[in-house]
file data-v7.csv (CSV, C-alpha atoms and all ligand atoms)
chain,number,residue,atom,x,y,z
A,1,MET,CA,14.9,20.9,-4.2
A,2,ILE,CA,12.0,19.8,-2.0
A,3,ASP,CA,11.4,16.2,-3.0
A,4,LEU,CA,7.7,15.2,-2.7
A,5,ARG,CA,7.7,12.3,-5.1
A,6,SER,CA,7.1,9.5,-2.7
A,7,ASP,CA,7.1,8.2,0.9
A,8,THR,CA,9.4,5.4,-0.3
A,9,LEU,CA,12.2,8.0,-0.1
A,10,THR,CA,11.9,8.0,3.7
A,11,LEU,CA,15.4,7.3,5.2
A,12,PRO,CA,16.4,5.2,8.2
A,13,THR,CA,16.9,7.3,11.3
A,14,PRO,CA,20.1,7.0,13.4
A,15,ALA,CA,18.2,5.1,16.0
A,16,MET,CA,17.0,2.7,13.3
A,17,ARG,CA,20.5,2.2,12.0
A,18,ARG,CA,21.7,1.4,15.5
A,19,ALA,CA,18.9,-1.2,16.0
A,20,MET,CA,20.0,-2.7,12.7
A,21,ALA,CA,23.7,-2.8,13.6
A,22,GLU,CA,22.9,-4.5,16.9
A,23,ALA,CA,20.3,-6.9,15.6
A,24,GLU,CA,20.5,-10.5,16.8
A,25,VAL,CA,20.4,-12.7,13.7
A,26,GLY,CA,20.4,-16.3,12.5
A,27,ASP,CA,19.5,-18.3,9.4
A,28,ASP,CA,15.9,-17.3,8.6
A,29,VAL,CA,15.5,-20.1,6.0
A,30,PHE,CA,15.9,-22.5,9.0
A,31,GLY,CA,13.5,-20.3,11.0
A,32,GLU,CA,16.3,-19.3,13.3
A,33,ASP,CA,16.5,-15.5,12.9
A,34,PRO,CA,15.1,-14.1,16.2
A,35,THR,CA,14.7,-10.6,14.8
A,36,VAL,CA,12.7,-11.7,11.8
A,37,ARG,CA,10.6,-13.9,14.1
A,38,ALA,CA,9.9,-11.0,16.4
A,39,LEU,CA,9.0,-8.8,13.4
A,40,GLU,CA,6.6,-11.4,12.1
A,41,GLU,CA,5.0,-12.0,15.5
A,42,GLU,CA,4.5,-8.3,16.2
A,43,THR,CA,3.1,-7.6,12.8
A,44,ALA,CA,0.7,-10.5,13.0
A,45,ALA,CA,-0.4,-9.5,16.5
A,46,LEU,CA,-0.9,-5.8,15.4
A,47,LEU,CA,-3.1,-6.9,12.6
A,48,GLY,CA,-5.0,-9.5,14.7
A,49,ARG,CA,-3.8,-12.5,12.7
A,50,GLU,CA,-2.1,-15.8,13.5
A,51,ALA,CA,1.0,-15.4,11.4
A,52,ALA,CA,3.1,-13.1,9.2
A,53,LEU,CA,5.8,-13.5,6.6
A,54,TYR,CA,8.6,-11.0,6.0
A,55,VAL,CA,9.3,-10.4,2.3
A,56,PRO,CA,11.6,-8.0,0.4
A,57,SER,CA,8.8,-5.9,-1.2
A,58,GLY,CA,5.2,-5.0,-1.3
A,59,HIS,CA,5.1,-6.3,-4.8
A,60,MET,CA,6.1,-9.8,-3.5
A,61,ALA,CA,3.7,-9.7,-0.6
A,62,ASN,CA,0.9,-9.0,-3.1
A,63,GLN,CA,2.0,-11.7,-5.5
A,64,LEU,CA,2.2,-14.2,-2.6
A,65,GLY,CA,-1.4,-13.1,-1.7
A,66,LEU,CA,-2.4,-14.3,-5.2
A,67,TYR,CA,-0.2,-17.5,-4.9
A,68,VAL,CA,-2.1,-18.7,-1.8
A,69,SER,CA,-5.6,-17.9,-3.0
A,70,VAL,CA,-5.8,-18.2,-6.8
A,71,ARG,CA,-5.3,-21.0,-9.2
A,72,SER,CA,-4.3,-20.5,-12.8
A,73,GLY,CA,-7.3,-19.3,-14.9
A,74,GLU,CA,-9.3,-18.1,-12.0
A,75,GLU,CA,-10.8,-14.5,-11.6
A,76,VAL,CA,-9.4,-11.8,-9.4
A,77,TRP,CA,-11.8,-8.8,-8.9
A,78,ALA,CA,-10.0,-5.5,-8.7
A,79,HIS,CA,-10.1,-1.8,-9.5
A,80,GLU,CA,-8.4,-0.7,-12.7
A,81,HIS,CA,-6.1,1.6,-10.6
A,82,HIS,CA,-5.1,-0.9,-8.0
A,83,HIS,CA,-1.3,-1.3,-7.7
A,84,LEU,CA,-1.8,-4.9,-8.6
A,85,ILE,CA,-3.1,-4.0,-12.0
A,86,GLY,CA,-1.1,-0.9,-13.0
A,87,ASP,CA,2.2,-1.2,-11.1
A,88,GLU,CA,3.3,-4.8,-11.0
A,89,GLN,CA,4.2,-5.4,-14.6
A,90,GLY,CA,1.2,-7.6,-15.2
A,91,ALA,CA,2.5,-10.2,-12.7
A,92,VAL,CA,-1.2,-11.1,-12.0
A,93,ALA,CA,-1.2,-12.6,-15.5
A,94,VAL,CA,2.4,-13.8,-15.7
A,95,LEU,CA,2.9,-15.4,-12.3
A,96,ALA,CA,-0.6,-16.1,-11.0
A,97,ARG,CA,-1.9,-16.6,-14.6
A,98,ALA,CA,-5.2,-15.2,-13.3
A,99,LEU,CA,-7.9,-13.3,-15.1
A,100,PRO,CA,-8.5,-9.8,-13.7
A,101,ARG,CA,-12.1,-8.6,-13.8
A,102,LEU,CA,-11.9,-4.8,-13.3
A,103,TYR,CA,-14.2,-2.0,-12.1
A,104,SER,CA,-13.4,1.7,-12.4
A,105,GLY,CA,-14.5,5.0,-10.8
A,106,GLU,CA,-15.3,4.8,-7.0
A,107,PRO,CA,-12.6,2.9,-5.0
A,108,PHE,CA,-15.1,0.1,-4.3
A,109,PRO,CA,-17.5,-2.0,-6.5
A,110,SER,CA,-21.2,-1.3,-6.2
A,111,GLN,CA,-23.5,-4.0,-4.9
A,112,PRO,CA,-25.3,-4.4,-8.2
A,113,LEU,CA,-22.0,-4.9,-9.9
A,114,LEU,CA,-20.9,-7.6,-7.5
A,115,GLU,CA,-24.3,-9.3,-7.9
A,116,SER,CA,-24.0,-9.2,-11.7
A,117,TRP,CA,-20.4,-10.6,-11.5
A,118,ILE,CA,-21.4,-13.5,-9.3
A,119,ALA,CA,-24.6,-14.2,-11.3
A,120,GLY,CA,-22.8,-16.1,-14.1
A,121,ALA,CA,-20.3,-17.9,-11.8
A,122,GLY,CA,-20.3,-21.7,-12.3
A,123,ASP,CA,-21.3,-21.4,-15.9
A,124,VAL,CA,-19.1,-23.6,-18.1
A,125,HIS,CA,-18.0,-20.6,-20.2
A,126,ARG,CA,-16.9,-18.5,-17.2
A,127,ALA,CA,-13.6,-18.4,-15.3
A,128,ASP,CA,-14.2,-19.3,-11.7
A,129,PRO,CA,-14.1,-16.2,-9.4
A,130,ALA,CA,-11.5,-16.8,-6.6
A,131,LEU,CA,-10.4,-13.5,-5.0
A,132,VAL,CA,-11.6,-10.0,-4.3
A,133,TRP,CA,-8.7,-7.5,-4.3
A,134,TRP,CA,-8.8,-4.4,-2.1
A,135,GLU,CA,-6.5,-1.4,-1.4
A,136,ASN,CA,-6.6,0.9,1.7
A,137,THR,CA,-5.4,3.6,1.5
A,138,PHE,CA,-6.2,3.8,-2.2
A,139,SER,CA,-4.2,6.6,-3.9
A,140,GLY,CA,-4.0,8.2,-0.5
A,141,ARG,CA,-7.7,7.9,0.0
A,142,VAL,CA,-9.2,6.2,3.0
A,143,VAL,CA,-11.8,3.7,1.9
A,144,PRO,CA,-14.7,3.5,4.5
A,145,LEU,CA,-14.7,0.3,6.5
A,146,THR,CA,-18.5,-0.1,5.8
A,147,GLU,CA,-17.6,-0.6,2.1
A,148,GLN,CA,-14.8,-3.1,3.1
A,149,ARG,CA,-17.2,-5.1,5.3
A,150,ARG,CA,-19.8,-5.2,2.6
A,151,VAL,CA,-17.4,-6.5,0.0
A,152,THR,CA,-15.5,-9.0,2.1
A,153,GLY,CA,-18.8,-10.2,3.5
A,154,PHE,CA,-20.1,-10.7,-0.1
A,155,ALA,CA,-16.9,-12.5,-1.1
A,156,HIS,CA,-17.1,-15.0,1.8
A,157,ALA,CA,-20.8,-15.6,1.3
A,158,HIS,CA,-20.0,-16.7,-2.3
A,159,GLY,CA,-16.9,-18.7,-1.6
A,160,LEU,CA,-14.3,-16.1,-2.7
A,161,ARG,CA,-11.3,-15.1,-0.6
A,162,ALA,CA,-10.3,-11.4,0.0
A,163,HIS,CA,-6.9,-9.8,0.0
A,164,LEU,CA,-6.1,-6.3,1.3
A,165,ASP,CA,-3.1,-4.5,-0.3
A,166,GLY,CA,-2.3,-2.5,2.8
A,167,ALA,CA,0.9,-1.0,1.7
A,168,ARG,CA,-0.3,2.2,3.4
A,169,LEU,CA,-2.6,0.4,5.9
A,170,TRP,CA,-0.8,2.3,8.7
A,171,ASN,CA,-2.0,5.6,7.1
A,172,ALA,CA,-5.5,4.2,6.7
A,173,ALA,CA,-5.7,3.3,10.4
A,174,ILE,CA,-4.7,6.9,11.4
A,175,GLY,CA,-7.0,8.4,8.8
A,176,LEU,CA,-9.9,6.4,10.1
A,177,GLY,CA,-8.9,6.7,13.7
A,178,VAL,CA,-9.0,2.9,14.3
A,179,SER,CA,-6.5,0.2,15.1
A,180,PRO,CA,-4.5,-1.5,12.3
A,181,ALA,CA,-6.4,-4.7,13.2
A,182,GLU,CA,-9.7,-3.0,12.5
A,183,VAL,CA,-8.5,-2.1,9.0
A,184,ALA,CA,-7.3,-5.6,8.4
A,185,GLU,CA,-10.5,-7.2,9.6
A,186,GLY,CA,-12.4,-9.5,7.2
A,187,PHE,CA,-9.5,-10.3,4.9
A,188,ASP,CA,-7.9,-13.7,4.4
A,189,THR,CA,-4.6,-12.1,3.6
A,190,VAL,CA,-3.2,-8.6,4.1
A,191,SER,CA,0.1,-7.1,2.8
A,192,VAL,CA,1.7,-4.2,4.6
A,193,CYS,CA,4.8,-2.1,3.8
A,194,PHE,CA,7.5,-1.1,6.3
A,195,SER,CA,9.5,0.9,3.7
A,196,LYS,CA,7.1,3.7,2.8
A,197,GLY,CA,6.1,6.2,5.5
A,198,LEU,CA,7.4,4.0,8.3
A,199,GLY,CA,10.8,4.5,6.9
A,200,ALA,CA,12.5,1.0,7.1
A,201,PRO,CA,15.0,0.5,4.3
A,202,VAL,CA,13.6,-2.8,3.1
A,203,GLY,CA,10.5,-4.9,3.4
A,204,SER,CA,6.9,-5.8,3.6
A,205,ALA,CA,4.9,-8.6,5.2
A,206,LEU,CA,2.0,-10.8,4.3
A,207,VAL,CA,-0.3,-11.8,7.1
A,208,GLY,CA,-3.0,-14.4,7.4
A,209,ASP,CA,-3.8,-17.6,9.2
A,210,ALA,CA,-1.0,-20.0,10.1
A,211,ASP,CA,-1.7,-22.4,7.2
A,212,THR,CA,-1.9,-19.6,4.6
A,213,VAL,CA,1.3,-18.1,5.8
A,214,ARG,CA,3.0,-21.5,5.8
A,215,ARG,CA,2.1,-21.9,2.1
A,216,ALA,CA,3.2,-18.3,1.4
A,217,ARG,CA,6.6,-19.1,3.0
A,218,ARG,CA,7.0,-22.0,0.6
A,219,GLY,CA,6.1,-19.6,-2.3
A,220,ARG,CA,8.6,-17.1,-1.1
A,221,LYS,CA,11.4,-19.7,-1.2
A,222,MET,CA,10.3,-20.8,-4.6
A,223,LEU,CA,10.5,-17.3,-5.9
A,224,GLY,CA,14.1,-17.1,-4.6
A,225,ALA,CA,13.5,-14.9,-1.6
A,226,GLY,CA,14.5,-17.2,1.2
A,227,MET,CA,16.7,-14.8,3.1
A,228,ARG,CA,19.5,-15.8,5.6
A,229,GLN,CA,20.5,-13.3,8.2
A,230,ALA,CA,17.6,-11.1,7.2
A,231,GLY,CA,17.4,-9.8,10.8
A,232,ILE,CA,19.7,-7.0,9.9
A,233,VAL,CA,17.1,-5.4,7.6
A,234,ALA,CA,14.1,-6.8,9.6
A,235,ALA,CA,15.5,-4.8,12.6
A,236,GLY,CA,14.8,-1.6,10.7
A,237,ALA,CA,11.3,-2.7,10.0
A,238,LEU,CA,10.7,-3.8,13.6
A,239,HIS,CA,12.0,-0.4,14.8
A,240,ALA,CA,9.7,1.3,12.3
A,241,LEU,CA,6.7,-0.7,13.5
A,242,ARG,CA,7.4,0.1,17.1
A,243,HIS,CA,8.4,3.8,16.8
A,244,HIS,CA,7.2,5.3,13.6
A,245,ARG,CA,3.5,4.5,13.2
A,246,GLU,CA,2.2,7.3,15.3
A,247,ARG,CA,4.3,10.0,13.6
A,248,LEU,CA,2.5,9.3,10.3
A,249,ALA,CA,-0.2,11.7,11.7
A,250,GLU,CA,2.3,14.5,11.3
A,251,ASP,CA,2.5,13.7,7.6
A,252,HIS,CA,-1.3,13.8,7.4
A,253,HIS,CA,-1.3,17.2,9.1
A,254,ARG,CA,1.3,18.6,6.8
A,255,ALA,CA,-0.5,17.3,3.8
A,256,ALA,CA,-3.7,19.1,5.0
A,257,ARG,CA,-1.6,22.3,5.6
A,258,LEU,CA,-0.1,22.2,2.2
A,259,ALA,CA,-3.5,21.7,0.6
A,260,ASP,CA,-4.8,24.7,2.6
A,261,LEU,CA,-2.0,26.9,1.3
A,262,LEU,CA,-2.8,25.8,-2.3
A,263,GLU,CA,-6.5,26.4,-2.0
A,264,GLY,CA,-8.0,28.6,-4.7
A,265,LEU,CA,-5.1,28.2,-7.2
A,266,PRO,CA,-6.4,29.1,-10.6
A,267,GLY,CA,-7.0,26.2,-13.1
A,268,VAL,CA,-6.4,23.3,-10.7
A,269,SER,CA,-8.2,21.6,-7.9
A,270,VAL,CA,-6.4,20.5,-4.8
A,271,VAL,CA,-7.2,17.9,-2.2
A,272,ALA,CA,-5.4,16.4,0.8
A,273,ARG,CA,-5.7,12.6,1.4
A,274,THR,CA,-3.8,11.1,4.3
A,275,ASN,CA,-0.1,11.8,3.6
A,276,MET,CA,-0.7,13.0,0.0
A,277,VAL,CA,-1.8,16.1,-1.8
A,278,LEU,CA,-3.4,15.5,-5.2
A,279,ILE,CA,-3.6,18.3,-7.7
A,280,THR,CA,-5.9,17.9,-10.7
A,281,THR,CA,-4.8,19.8,-13.7
A,282,PRO,CA,-6.6,20.5,-16.9
A,283,GLU,CA,-6.8,17.3,-19.0
A,284,GLY,CA,-3.4,15.8,-20.0
A,285,ARG,CA,-1.4,18.7,-18.6
A,286,ALA,CA,0.2,17.1,-15.5
A,287,GLY,CA,3.6,16.8,-17.4
A,288,ARG,CA,3.7,20.6,-17.9
A,289,TYR,CA,2.9,21.2,-14.3
A,290,LEU,CA,5.6,18.8,-13.1
A,291,GLU,CA,8.2,20.6,-15.3
A,292,ALA,CA,7.1,24.0,-13.9
A,293,LEU,CA,7.3,22.6,-10.3
A,294,ALA,CA,10.8,21.3,-10.9
A,295,THR,CA,11.9,24.7,-12.2
A,296,GLU,CA,10.7,26.2,-9.0
A,297,GLY,CA,12.4,23.6,-6.9
A,298,VAL,CA,9.7,21.0,-6.1
A,299,ARG,CA,9.9,17.4,-7.3
A,300,ALA,CA,6.6,15.5,-7.7
A,301,LEU,CA,5.2,12.6,-9.7
A,302,GLY,CA,2.1,12.4,-11.9
A,303,GLY,CA,0.6,11.8,-15.3
A,304,GLY,CA,-2.6,12.6,-17.2
A,305,ASP,CA,-4.3,15.2,-15.2
A,306,ARG,CA,-2.9,14.2,-11.8
A,307,VAL,CA,0.0,15.6,-9.8
A,308,ARG,CA,0.9,13.8,-6.6
A,309,LEU,CA,2.8,15.4,-3.6
A,310,VAL,CA,3.7,13.0,-0.8
A,311,LEU,CA,4.7,14.0,2.7
A,312,ARG,CA,7.2,12.0,4.7
A,313,GLN,CA,9.4,12.2,7.8
A,314,GLU,CA,12.1,14.4,6.3
A,315,VAL,CA,9.7,17.0,5.0
A,316,THR,CA,9.4,19.7,7.7
A,317,ASP,CA,6.8,22.4,8.5
A,318,SER,CA,9.1,25.0,6.8
A,319,ASP,CA,9.5,22.8,3.8
A,320,VAL,CA,5.8,22.7,3.5
A,321,GLU,CA,5.6,26.5,3.5
A,322,GLU,CA,8.5,26.8,1.0
A,323,ALA,CA,6.9,24.2,-1.3
A,324,ALA,CA,3.6,25.9,-1.2
A,325,LYS,CA,5.2,29.2,-2.3
A,326,ALA,CA,7.1,27.4,-5.1
A,327,ILE,CA,4.0,25.6,-6.3
A,328,VAL,CA,2.0,28.9,-6.4
A,329,ARG,CA,4.8,30.4,-8.5
A,330,ALA,CA,4.9,27.4,-10.8
A,331,VAL,CA,1.1,27.3,-11.3
A,332,SER,CA,1.0,31.1,-11.9
A,333,SER,CA,3.6,30.7,-14.6
A,334,LEU,CA,1.4,28.4,-16.7
B,401,LIG,C1,4.2,0.8,-2.9
B,401,LIG,C2,3.0,-0.1,-3.1
B,401,LIG,C3,3.2,-1.5,-3.3
B,401,LIG,C4,4.5,-2.2,-3.6
B,401,LIG,O1,5.5,-1.9,-2.8
B,401,LIG,P1,7.0,-2.2,-3.2
B,401,LIG,O2,7.6,-2.4,-1.9
B,401,LIG,O3,7.5,-0.9,-3.9
B,401,LIG,O4,7.0,-3.4,-4.1
B,401,LIG,C5,2.0,-2.2,-3.4
B,401,LIG,N1,0.8,-1.7,-3.2
B,401,LIG,C6,0.6,-0.3,-3.1
B,401,LIG,C7,-0.7,0.2,-2.9
B,401,LIG,C8,1.7,0.5,-3.0
B,401,LIG,O5,1.6,1.8,-2.8
call {"tool": "encode", "arguments": {"input": "data-v7.csv", "output": "structure tokens", "more": "lines below"}}
Ligand SMILES: *Cc1c(COP(=O)(O)O)cnc(C)c1O
result
Amino acid sequence: MIDLRSDTLTLPTPAMRRAMAEAEVGDDVFGEDPTVRALEEETAALLGREAALYVPSGHMANQLGLYVSVRSGEEVWAHEHHHLIGDEQGAVAVLARALPRLYSGEPFPSQPLLESWIAGAGDVHRADPALVWWENTFSGRVVPLTEQRRVTGFAHAHGLRAHLDGARLWNAAIGLGVSPAEVAEGFDTVSVCFSKGLGAPVGSALVGDADTVRRARRGRKMLGAGMRQAGIVAAGALHALRHHRERLAEDHHRAARLADLLEGLPGVSVVARTNMVLITTPEGRAGRYLEALATEGVRALGGGDRVRLVLRQEVTDSDVEEAAKAIVRAVSSL
């Protein structure tokens, strides 16, 4: 089986395991774990921010992003396919008790839409807009920085804050050919994952200014994620941050190669986006394609008319060639 379900399957390397075994640790709730501190400082510096907070998951980093910027009953503006909306069990309603206002289609809201959403703000009938949500990469797609700047600029001009779900910000930076700090620019808070393509076993971070991160640290403790000698896992994340960012480009090249090999397959369209290959099947047929792929030895995820193949560290050039042959056989069988 060639497993292309997700980059969350990336495993710690031997060097990463050694760094974890040898990590200097302390009680992080007392602020005394030197490895967690180093991870937080390096993450903040890389993203051009004052401070960062190490948390167990991207989900928690996002929820803390809401916690520091949104009060109960306020509006969060997001895309209907953002992870926050579709993949966090409705925590935006349960924990933040916020009202999502959603757009669809393109991965950014148009200017007329933003104008119309702000026009009624302040009316006694309306919920108060508090936060604009953003994702980059978005389903593997790099969202242009010009759109980001337009939307964060609009948010700040109207007193809203802006959060970037940057679970795959590292891929976005490579895809755009800019630094991670440039991708993070303009946002009040940014969440990043160490456990996807970077390959750390556990963890994400929320970054922002010092006061915002201080409040997020309190929120993390309230949610029960004050961690003690967390340096053991943070060491994996720190190793990933230092040594695995550049290699993400290899995943992008392999995704492009895989898409090339699949070009012209009958009945589907294929596109490579950063470390992913997306196959669009006839309406509602993704399930059938996933079964056929599995029969030929390729695991993937999908639903509706979308099959997603994700490249990661363990998937080699020859795996890509093999997978392409298997996918051609599978699609031809349908
Ligand atoms: C994976 C992912 C998350 C959440 O990460 P977990 O660590 O699995 O909770 C958040 N946002 C996006 C866009 C993601 O892809």
call {"tool": "residues_near_ligand", "arguments": {"input": "data-v7.csv", "ligand": "ligand LIG 401 (chain B)", "cutoff": "6 Å", "atoms": "all atoms listed in the file", "output": "PyMOL selection string"}}
result
chain A and resi 57-59+83+165+167
call {"tool": "atom_distance", "arguments": {"input": "data-v7.csv", "atom1": "CA of Leu293 in chain A", "atom2": "CA of Val320 in chain A"}}
result
13.9 Å
call {"tool": "atom_distance", "arguments": {"input": "data-v7.csv", "atom1": "CA of Leu64 in chain A", "atom2": "CA of His125 in chain A"}}
result
27.5 Å
call {"tool": "closest_residue", "arguments": {"input": "data-v7.csv", "among": "A:Arg245, A:Ala230, A:Asp319, A:His82", "to": "Pro180 in chain A", "atoms": "all atoms listed in the file"}}
result
A:Arg245
call {"tool": "closest_residue", "arguments": {"input": "data-v7.csv", "among": "A:Met60, A:Ala52, A:Ala91, A:Ala23", "to": "Arg214 in chain A", "atoms": "only C-alpha atoms"}}
result
A:Ala52
call {"tool": "closest_residue", "arguments": {"input": "data-v7.csv", "among": "A:Asp128, A:Asp260, A:Asp3, A:Glu115", "to": "Glu75 in chain A", "atoms": "all atoms listed in the file"}}
result
A:Asp128
call {"tool": "closest_residue", "arguments": {"input": "data-v7.csv", "among": "A:Arg18, A:Glu135, A:Ala78, A:Gly86", "to": "Trp117 in chain A", "atoms": "only C-alpha atoms"}}
result
A:Ala78
call {"tool": "residues_around", "arguments": {"input": "data-v7.csv", "residues": "Glu24 in chain A", "least_positions_apart": "5", "cutoff": "9 Å", "atoms": "only C-alpha atoms", "output": "VMD selection string"}}
result
chain A and resid 33 to 35 231 to 232 235
call {"tool": "residues_around", "arguments": {"input": "data-v7.csv", "residues": "range 282-288 of chain A", "least_positions_apart": "4", "cutoff": "7 Å", "atoms": "all atoms listed in the file", "output": "PDB file with C-alpha atoms, in the coordinates of the input"}}
result
ATOM      1  CA  GLY A 267      -7.000  26.200 -13.100  1.00  0.00           C
ATOM      2  CA  VAL A 268      -6.400  23.300 -10.700  1.00  0.00           C
ATOM      3  CA  ALA A 292       7.100  24.000 -13.900  1.00  0.00           C
ATOM      4  CA  GLY A 302       2.100  12.400 -11.900  1.00  0.00           C
ATOM      5  CA  GLY A 303       0.600  11.800 -15.300  1.00  0.00           C
ATOM      6  CA  GLY A 304      -2.600  12.600 -17.200  1.00  0.00           C
ATOM      7  CA  ASP A 305      -4.300  15.200 -15.200  1.00  0.00           C
ATOM      8  CA  ARG A 306      -2.900  14.200 -11.800  1.00  0.00           C
ATOM      9  CA  VAL A 307       0.000  15.600  -9.800  1.00  0.00           C
TER      10      VAL A 307
END
call {"tool": "atom_distance", "arguments": {"input": "data-v7.csv", "atom1": "CA of Ser179 in chain A", "atom2": "CA of Thr8 in chain A"}}
result
22.7 Å
call {"tool": "closest_residue", "arguments": {"input": "data-v7.csv", "among": "A:Arg329, A:Arg242, A:His156, A:Arg254", "to": "Leu309 in chain A", "atoms": "all atoms listed in the file"}}
result
A:Arg254
call {"tool": "closest_residue", "arguments": {"input": "data-v7.csv", "among": "A:Thr274, A:Gln148, A:Thr280, A:Asn62", "to": "Val190 in chain A", "atoms": "all atoms listed in the file"}}
result
A:Asn62
call {"tool": "build_atoms", "arguments": {"input": "data-v7.csv", "residues": "range 292-304 of chain A", "atoms": "N, CA, C and O atoms", "output": "CSV table (one decimal), in the coordinates of the input"}}
result
chain,number,residue,atom,x,y,z
A,292,ALA,N,7.1,22.7,-14.5
A,292,ALA,CA,7.1,24.0,-13.9
A,292,ALA,C,7.4,23.9,-12.4
A,292,ALA,O,8.2,24.7,-11.9
A,293,LEU,N,6.9,22.8,-11.7
A,293,LEU,CA,7.3,22.6,-10.3
A,293,LEU,C,8.8,22.4,-10.1
A,293,LEU,O,9.4,23.0,-9.2
A,294,ALA,N,9.3,21.6,-11.0
A,294,ALA,CA,10.8,21.3,-10.9
A,294,ALA,C,11.6,22.6,-11.1
A,294,ALA,O,12.6,22.8,-10.4
A,295,THR,N,11.2,23.4,-12.0
A,295,THR,CA,11.9,24.7,-12.2
A,295,THR,C,11.9,25.5,-11.0
A,295,THR,O,12.8,26.2,-10.7
A,296,GLU,N,10.8,25.4,-10.2
A,296,GLU,CA,10.7,26.2,-9.0
A,296,GLU,C,11.2,25.5,-7.8
A,296,GLU,O,11.1,26.0,-6.6
A,297,GLY,N,11.7,24.3,-8.0
A,297,GLY,CA,12.4,23.6,-6.9
A,297,GLY,C,11.6,22.5,-6.1
A,297,GLY,O,11.9,22.2,-5.0
A,298,VAL,N,10.5,22.0,-6.8
A,298,VAL,CA,9.7,21.0,-6.1
A,298,VAL,C,9.6,19.8,-7.0
A,298,VAL,O,9.2,19.9,-8.2
A,299,ARG,N,10.0,18.6,-6.5
A,299,ARG,CA,9.9,17.4,-7.3
A,299,ARG,C,8.6,16.7,-6.9
A,299,ARG,O,8.3,16.6,-5.8
A,300,ALA,N,7.9,16.2,-7.9
A,300,ALA,CA,6.6,15.5,-7.7
A,300,ALA,C,6.5,14.4,-8.8
A,300,ALA,O,7.3,14.3,-9.7
A,301,LEU,N,5.5,13.6,-8.6
A,301,LEU,CA,5.2,12.6,-9.7
A,301,LEU,C,3.8,12.8,-10.2
A,301,LEU,O,2.9,13.4,-9.5
A,302,GLY,N,3.5,12.3,-11.4
A,302,GLY,CA,2.1,12.4,-11.9
A,302,GLY,C,2.0,12.0,-13.3
A,302,GLY,O,3.0,11.5,-13.9
A,303,GLY,N,0.8,12.2,-13.9
A,303,GLY,CA,0.6,11.8,-15.3
A,303,GLY,C,-0.9,12.1,-15.6
A,303,GLY,O,-1.7,12.2,-14.6
A,304,GLY,N,-1.2,12.3,-16.8
A,304,GLY,CA,-2.6,12.6,-17.2
A,304,GLY,C,-2.9,13.9,-16.7
A,304,GLY,O,-2.4,14.9,-17.0
